[in-house]
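**Q** To be precise about what I am sending: the file is called entry.cif and holds mmCIF, C-alpha atoms.
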```
data_my_file
loop_
_atom_site.label_atom_id
_atom_site.label_comp_id
_atom_site.auth_asym_id
_atom_site.auth_seq_id
_atom_site.Cartn_x
_atom_site.Cartn_y
_atom_site.Cartn_z
CA MET J 1 -70.43 56.04 77.00
CA SER J 2 -68.09 56.18 80.00
CA SER J 3 -66.27 59.41 80.75
CA ALA J 4 -62.65 59.88 79.78
CA ASN J 5 -59.78 60.18 82.23
CA GLU J 6 -56.31 61.54 81.81
CA TYR J 7 -53.71 58.95 82.81
CA ARG J 8 -50.25 60.05 83.82
CA MET J 9 -47.76 57.23 84.13
CA THR J 10 -44.09 57.54 84.99
CA ILE J 11 -41.53 54.86 84.17
CA TRP J 12 -37.94 55.02 85.33
CA THR J 13 -34.80 52.97 85.62
CA GLY J 14 -32.53 52.51 88.58
CA VAL J 15 -29.24 54.39 88.59
CA TRP J 16 -26.44 52.99 86.44
CA TYR J 17 -23.04 53.99 85.09
CA HIS J 18 -23.21 54.27 81.33
CA LYS J 19 -19.50 54.89 80.71
CA PRO J 20 -16.51 54.92 83.08
CA GLY J 21 -15.69 58.40 84.35
CA GLN J 22 -19.15 59.72 83.58
CA PRO J 23 -21.70 60.54 86.25
CA ALA J 24 -24.30 57.94 87.18
CA LYS J 25 -27.50 58.13 85.16
CA SER J 26 -31.13 57.21 85.30
CA VAL J 27 -33.87 57.78 82.78
CA GLU J 28 -37.51 58.67 83.38
CA SER J 29 -40.37 58.74 80.86
CA ASN J 30 -43.67 60.47 81.52
CA PHE J 31 -46.65 59.09 79.60
CA LYS J 32 -49.85 61.07 79.25
CA ALA J 33 -53.00 59.59 77.71
CA ALA J 34 -56.69 60.45 77.71
CA LEU J 35 -58.71 57.23 77.63
CA ARG J 36 -62.23 55.99 78.21
CA GLY J 37 -63.10 52.78 79.99
CA ASP J 38 -62.16 50.87 83.11
CA MET J 39 -59.29 52.38 85.05
CA HIS J 40 -57.64 49.07 85.97
CA THR J 41 -57.75 47.78 82.37
CA ASN J 42 -56.38 51.05 81.02
CA ARG J 43 -53.63 51.09 83.59
CA GLU J 44 -52.63 47.53 82.70
CA GLU J 45 -52.59 48.31 78.97
CA LEU J 46 -50.58 51.46 79.51
CA ARG J 47 -48.18 49.55 81.74
CA GLU J 48 -47.54 46.91 79.05
CA LEU J 49 -47.16 49.49 76.31
CA GLY J 50 -44.98 51.68 78.50
CA ILE J 51 -42.54 48.89 79.30
CA ARG J 52 -42.20 48.05 75.59
CA VAL J 53 -41.67 51.67 74.54
CA PHE J 54 -39.29 52.39 77.41
CA GLN J 55 -37.18 49.28 76.78
CA GLY J 56 -36.95 50.25 73.10
CA MET J 57 -35.90 53.79 73.92
CA ILE J 58 -33.18 52.71 76.37
CA ARG J 59 -31.86 50.17 73.86
CA LYS J 60 -31.80 52.79 71.11
CA LEU J 61 -30.20 55.57 73.16
CA TYR J 62 -27.86 53.64 75.43
CA GLY J 63 -27.58 50.14 73.92
CA ARG J 64 -28.78 48.68 77.21
CA ARG J 65 -31.29 45.87 77.54
CA LEU J 66 -33.60 46.28 80.48
CA SER J 67 -35.63 43.47 81.96
CA PRO J 68 -39.12 44.37 83.25
CA GLU J 69 -37.82 43.86 86.81
CA GLU J 70 -35.38 46.74 86.33
CA ILE J 71 -38.20 49.10 85.41
CA ASN J 72 -40.27 51.05 87.95
CA ILE J 73 -43.77 52.20 87.09
CA ARG J 74 -46.11 54.48 89.01
CA PHE J 75 -49.35 56.26 88.20
CA GLU J 76 -50.60 59.64 89.34
CA ARG J 77 -54.21 60.29 90.20
CA GLU J 78 -56.45 60.12 87.12
CA GLU J 79 -58.13 63.39 86.23
CA PRO J 80 -61.45 63.54 84.36
CA THR J 81 -61.15 65.02 80.88
CA SER J 82 -63.77 65.93 78.28
CA THR J 83 -62.27 64.05 75.31
CA SER J 84 -60.34 60.85 74.82
CA SER J 85 -57.46 60.59 72.36
CA PRO J 86 -55.97 57.67 70.42
CA GLU J 87 -52.52 59.14 70.95
CA LEU J 88 -50.27 59.38 73.96
CA GLU J 89 -47.43 61.75 74.65
CA VAL J 90 -44.14 60.58 76.07
CA GLN J 91 -41.73 63.08 77.59
CA SER J 92 -38.41 61.71 78.77
CA ARG J 93 -35.63 63.01 80.95
CA GLU J 94 -32.12 61.73 81.58
CA TYR J 95 -30.96 62.37 85.14
CA SER J 96 -27.30 62.73 85.86
CA TYR J 97 -26.04 62.46 89.45
CA ARG J 98 -23.12 64.48 90.77
CA GLY J 99 -22.78 63.86 94.47
CA LYS J 100 -26.15 64.57 96.04
CA GLN J 101 -27.13 66.89 93.18
CA MET J 102 -29.03 65.74 90.14
CA TYR J 103 -29.51 67.37 86.79
CA ALA J 104 -32.12 66.57 84.18
CA ARG J 105 -31.69 66.67 80.43
CA GLN J 106 -34.69 66.61 78.14
CA LEU J 107 -34.78 63.73 75.66
CA PRO J 108 -36.86 63.95 72.45
CA THR J 109 -40.62 63.97 73.00
CA GLN J 110 -42.56 61.17 71.30
CA VAL J 111 -46.20 60.95 70.29
CA LEU J 112 -47.40 57.35 70.04
CA ARG J 113 -50.55 55.56 69.00
CA LEU J 114 -52.06 53.20 71.52
CA ASN J 115 -50.58 50.23 69.63
CA GLY J 116 -47.09 51.66 70.22
CA GLU J 117 -46.52 53.03 66.70
CA GLU J 118 -44.84 56.37 66.61
CA VAL J 119 -46.86 59.28 65.20
CA SER J 120 -44.07 61.84 65.11
CA ASP J 121 -40.74 62.60 66.68
CA GLU J 122 -40.87 66.15 67.99
CA GLU J 123 -37.64 68.05 68.25
CA GLU J 124 -36.74 69.72 71.51
CA ASP J 125 -38.29 73.16 71.64
CA GLU J 126 -36.31 76.09 70.32
CA ASP J 127 -36.02 77.76 73.70
CA SER J 128 -34.41 74.84 75.44
CA GLU J 129 -31.87 74.46 72.61
CA ASN J 130 -30.95 78.11 72.95
CA ASP J 131 -30.65 77.77 76.68
CA GLU J 132 -28.30 74.87 76.39
CA GLY J 133 -25.78 76.59 74.11
CA ASP J 134 -22.90 74.96 72.22
CA ASP J 135 -20.63 74.02 75.07
CA GLU J 136 -20.91 70.38 76.07
CA ASP J 137 -21.07 71.33 79.74
CA ASP J 138 -23.89 73.73 78.94
CA GLU J 139 -26.06 70.77 77.98
CA TRP J 140 -26.81 70.47 81.67
CA ASP J 141 -29.07 73.12 83.01
CA ASN J 142 -27.17 73.35 86.28
CA GLY J 143 -27.40 77.05 87.12
CA ASP J 144 -28.94 77.76 90.49
CA ALA J 145 -32.36 79.30 90.20
CA GLU J 146 -32.80 82.67 91.80
CA GLU J 147 -35.48 83.02 94.48
CA GLU J 148 -38.64 84.45 93.13
CA ASP J 149 -42.11 84.44 94.52
CA MET C 150 -24.55 92.99 71.06
CA LYS C 151 -21.18 94.82 71.36
CA THR C 152 -18.99 93.89 74.31
CA MET C 153 -16.53 96.17 76.08
CA ASN C 154 -13.55 94.93 74.04
CA GLY C 155 -15.40 95.62 70.80
CA THR C 156 -16.23 92.03 69.85
CA THR C 157 -19.75 91.07 68.90
CA GLU C 158 -21.58 88.59 71.06
CA THR C 159 -24.86 86.89 70.32
CA PRO C 160 -27.25 87.66 73.17
CA ARG C 161 -27.98 84.48 75.09
CA LYS C 162 -31.50 83.87 76.15
CA LYS C 163 -32.02 83.70 79.87
CA THR C 164 -33.33 80.36 81.04
CA SER C 165 -37.08 80.89 81.06
CA ARG C 166 -39.69 79.18 83.15
CA ARG C 167 -42.62 80.66 81.33
CA ALA C 168 -43.68 77.33 79.85
CA LEU C 169 -44.37 75.85 83.29
CA GLY C 170 -46.97 78.31 84.47
CA LYS C 171 -48.03 78.96 88.02
CA VAL C 172 -49.05 76.37 90.55
CA ASN C 173 -52.10 76.54 92.80
CA VAL C 174 -51.98 73.04 94.28
CA MET C 175 -48.98 71.92 96.29
CA LYS C 176 -48.37 68.23 96.79
CA ILE C 177 -46.54 66.94 99.82
CA ASP C 178 -45.29 63.42 100.43
CA LYS C 179 -44.83 62.50 104.07
CA ASP C 180 -43.21 59.12 104.47
CA CYS C 181 -44.25 58.44 108.04
CA TYR C 182 -47.37 57.82 110.07
CA ILE C 183 -48.61 60.77 112.09
CA ASP C 184 -50.92 60.73 115.12
CA PRO C 185 -54.21 62.60 114.62
CA ASP C 186 -53.25 65.35 117.09
CA LEU C 187 -49.88 65.86 115.49
CA ASN C 188 -51.51 65.77 112.07
CA ARG C 189 -53.75 68.70 113.06
CA GLU C 190 -50.68 70.59 114.22
CA TYR C 191 -48.88 69.68 111.02
CA VAL C 192 -51.72 71.06 108.87
CA ARG C 193 -51.60 74.24 110.94
CA SER C 194 -47.87 74.52 110.30
CA ILE C 195 -48.52 74.19 106.54
CA ILE C 196 -50.93 77.13 106.77
CA VAL C 197 -48.39 79.20 108.73
CA ASN C 198 -45.61 78.42 106.22
CA CYS C 199 -47.87 79.46 103.34
CA LYS C 200 -48.81 82.67 105.18
CA LYS C 201 -45.11 83.53 105.46
CA LYS C 202 -44.98 83.39 101.67
CA ARG C 203 -48.14 85.52 101.46
CA ARG C 204 -50.30 82.64 100.30
CA ASN C 205 -53.71 81.70 101.67
CA VAL C 206 -54.57 78.04 102.05
CA LEU C 207 -58.03 77.32 100.64
CA TRP C 208 -58.05 73.65 101.55
CA VAL C 209 -55.85 70.77 102.60
CA LYS C 210 -56.66 67.23 101.53
CA GLN C 211 -54.89 64.06 102.55
CA SER C 212 -54.79 60.47 101.37
CA GLU C 213 -53.14 57.37 102.70
CA ALA C 214 -50.00 56.09 100.98
CA PRO C 215 -48.04 52.86 101.49
CA HIS C 216 -45.34 54.60 103.57
CA GLY C 217 -47.34 57.39 105.15
CA ARG C 218 -49.55 60.17 103.83
CA HIS C 219 -49.93 62.43 100.85
CA TYR C 220 -51.21 65.99 101.19
CA GLU C 221 -52.63 68.32 98.57
CA VAL C 222 -52.78 71.99 99.48
CA ARG C 223 -54.71 74.54 97.41
CA ILE C 224 -53.09 77.96 97.68
CA HIS C 225 -54.11 81.41 96.54
CA PRO C 226 -52.67 83.27 94.72
CA PRO C 227 -50.75 80.72 92.63
CA MET C 228 -46.96 80.76 92.65
CA GLU C 229 -44.04 79.95 90.34
CA ALA C 230 -43.09 76.29 90.04
CA HIS C 231 -39.69 76.50 91.73
CA ALA C 232 -41.09 78.64 94.56
CA ALA C 233 -43.89 76.12 95.05
CA ASN C 234 -41.34 73.30 95.17
CA ASN C 235 -39.33 75.21 97.78
CA LEU C 236 -42.45 75.83 99.82
CA GLN C 237 -43.33 72.13 99.59
CA LEU C 238 -39.94 71.31 101.11
CA LEU C 239 -40.50 73.86 103.87
CA CYS C 240 -43.84 72.16 104.53
CA GLY C 241 -42.07 68.84 105.09
CA ASP C 242 -41.98 67.26 101.64
CA ASP C 243 -39.67 64.32 101.03
CA ALA C 244 -36.10 65.55 100.35
CA LYS C 245 -35.47 63.21 97.43
CA ARG C 246 -38.76 64.22 95.85
CA TYR C 247 -37.73 67.85 96.19
CA ALA C 248 -34.44 67.15 94.39
CA PHE C 249 -36.20 65.33 91.53
CA ASN C 250 -38.80 68.10 91.23
CA ARG C 251 -36.04 70.71 91.14
CA ALA C 252 -34.31 68.90 88.26
CA ARG C 253 -37.66 68.44 86.47
CA ILE C 254 -38.51 72.14 86.80
CA LYS C 255 -35.12 73.15 85.42
CA SER C 256 -35.67 70.90 82.44
CA LYS C 257 -39.15 72.45 82.02
CA LEU C 258 -41.25 69.35 82.55
CA VAL C 259 -44.82 70.61 82.75
CA GLY C 260 -46.09 67.83 85.04
CA TRP C 261 -43.14 68.18 87.42
CA ASN C 262 -45.11 67.83 90.65
CA LYS C 263 -45.59 64.07 90.72
CA LEU C 264 -47.33 62.22 93.49
CA TRP C 265 -48.18 58.56 92.97
CA TRP C 266 -51.66 57.39 93.65
CA TYR C 267 -52.44 53.95 94.98
CA PRO C 268 -56.09 52.94 94.54
CA PRO C 269 -58.40 52.61 96.40
CA SER C 270 -57.08 55.45 98.60
CA THR C 271 -59.23 58.58 98.49
CA LEU C 272 -58.60 62.22 99.20
CA ARG C 273 -60.13 63.49 102.44
CA THR C 274 -60.48 67.19 103.22
CA VAL C 275 -58.89 67.96 106.58
CA TYR C 276 -58.99 71.75 106.39
CA ARG C 277 -61.09 74.21 104.44
CA LEU C 278 -61.01 77.99 104.58
CA LYS C 279 -64.38 79.45 105.56
CA ARG C 280 -66.53 80.32 102.56
CA ARG C 281 -66.81 83.96 103.56
CA LYS C 282 -63.01 84.29 103.61
CA CYS C 283 -62.76 82.54 100.22
CA LEU C 284 -65.13 85.11 98.75
CA ASP C 285 -63.02 87.93 100.21
CA LEU C 286 -60.00 86.58 98.30
CA ARG C 287 -61.71 86.83 94.93
#
```
What's the structure tokens form of this structure?
**A**
Amino acid sequence: MSSANEYRMTIWTGVWYHKPGQPAKSVESNFKAALRGDMHTNREELRELGIRVFQGMIRKLYGRRLSPEEINIRFEREEPTSTSSPELEVQSREYSYRGKQMYARQLPTQVLRLNGEEVSDEEEDEDSENDEGDDEDDEWDNGDAEEED
Amino acid sequence: MKTMNGTTETPRKKTSRRALGKVNVMKIDKDCYIDPDLNREYVRSIIVNCKKKRRNVLWVKQSEAPHGRHYEVRIHPPMEAHAANNLQLLCGDDAKRYAFNRARIKSKLVGWNKLWWYPPSTLRTVYRLKRRKCLDLR
């Protein structure tokens, strides 16, 4: 049996204005899957699945229909892994642009089967909810990080 | 927690980065073509920059990318994610990539250090610390 590889695929949209007066946005989803088999075939399958899942998520969250041409996809280097898994994890971020600065907000993490069915909808972790606080502005983790080595 | 004016305040958790862990491989995206001589000098400057942050470079690998070159730098000891991202910028990483990584780190994305790979490009070692020195670090 061929060895398994961990595939890390990132899909993102171009920048757009969701509502007037709000900062420009873009959304990025990071897919992680451990699969056996030919790299090119796996990449193609992940690409097709990724586009479908990403389009669905953007439609659900923002009511926007994206054509495949508006979607960017890139892969990182595959890493060998000991086991393959029939599930893939999708972590998404919404980027908000204020001038040259950008801020990321975590969107709910999804775990999917390879056919695109959702296994579960994980809530954001407790820590990040506490960090964000109640204030709407606090949703954005925009504090400058202190230098630390 | 009691404040100075006597009101009670729920202690807010400080933004933590503990979930991200430390980084021992830096990834640098250089969107230009570099002559071999200049490349050697560039790798040397990476080592000097890491030294300034009290990090030893164990190896430097490079691969070809559509717009230039990608570098992977193994450092010891490992460092915090945001410090590694800062050091990547000091080592000549793409500015936009730095900004995205910074936002990803703040939102605690574990795989924040993204570098796209375009097959069939392969990683080639261009610098390796002598084995004796590596053993001294352990």
**Q** Select all residues from chain C having any atom no more than 10 Å from an atom of chain J (counting only C-alpha atoms, ignoring ligands), output as a PyMOL selection string.
**A** chain C and resi 161-165+168+202-203+227-233+235+245+248-268+271
**Q** For a test of reading the model, state the distance in Å between CA of Arg47 (chain J) and CA of Glu79 (chain J), rounded to one decimal.
**A** 17.6 Å
**Q** Using the chain letters and residue numbers of this document, give as an MDAnalysis selection string the residues selected by the PyMOL selection byres ((chain J and resi 113-116) around 9).
**A** chainID J and resid 33 45:46 49:50 52:53 86:89 111:112 117:119
**Q** What is the distance between CA of Arg65 (chain J) and CA of Ala24 (chain J), in Å to one decimal?
**A** 17.0 Å
**Q** I'd like the residues picked by the PyMOL selection byres ((chain J and resi 54) around 10) written out as number ranges by chain, using the chain letters and numbers from the file.
**A** J: 11-13, 27-29, 49-53, 55-60, 66, 68, 71, 90, 92
**Q** Quick check, in Å to one decimal: how far apart do CA of Arg98 (chain J) and CA of Cys240 (chain C) lie?
**A**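 Spanning CA of Arg98 (chain J) to CA of Cys240 (chain C) is a straight-line distance of 26.0 Å.
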**Q** Determine the nearest neighbour of Asn42 (chain J) from the options J:Gly63, J:Glu70, J:Tyr7, J:Val15, counting only C-alpha atoms.
**A**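 Under the stated criterion, the closest residue is J:Tyr7.
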**Q** Could you check the closest approach to Ser270 (chain C) for each of C:Val222, C:Leu238, C:Ala214, C:Val192 and tell me which residue wins, using only C-alpha atoms?
**A** C:Ala214
**Q** For Arg193 (chain C), work out the shell of residues within 12 Å, counting all atoms listed in the file and skipping chain neighbours fewer than 6 positions away, then give it as a ChimeraX atom specification.
**A** /C:186-187,199-200,206,208-209,222,240,275-278
**Q** Would you write out those residues with C-alpha atoms, as a tab-separated table (two decimals), in the frame of the given file?
**A**
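So the final result, stored in part_4.tsv, reads:
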```tsv
chain	number	residue	atom	x	y	z
C	186	ASP	CA	-53.25	65.35	117.09
C	187	LEU	CA	-49.88	65.86	115.49
C	199	CYS	CA	-47.87	79.46	103.34
C	200	LYS	CA	-48.81	82.67	105.18
C	206	VAL	CA	-54.57	78.04	102.05
C	208	TRP	CA	-58.05	73.65	101.55
C	209	VAL	CA	-55.85	70.77	102.60
C	222	VAL	CA	-52.78	71.99	99.48
C	240	CYS	CA	-43.84	72.16	104.53
C	275	VAL	CA	-58.89	67.96	106.58
C	276	TYR	CA	-58.99	71.75	106.39
C	277	ARG	CA	-61.09	74.21	104.44
C	278	LEU	CA	-61.01	77.99	104.58
```
**Q** Could you tell me which of C:Asp285, C:Gly217, C:Arg223, C:Glu190 comes closest to Asp242 (chain C) if we count only C-alpha atoms?
**A**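 Using only C-alpha atoms, the shortest distance to Asp242 (chain C) belongs to C:Gly217.
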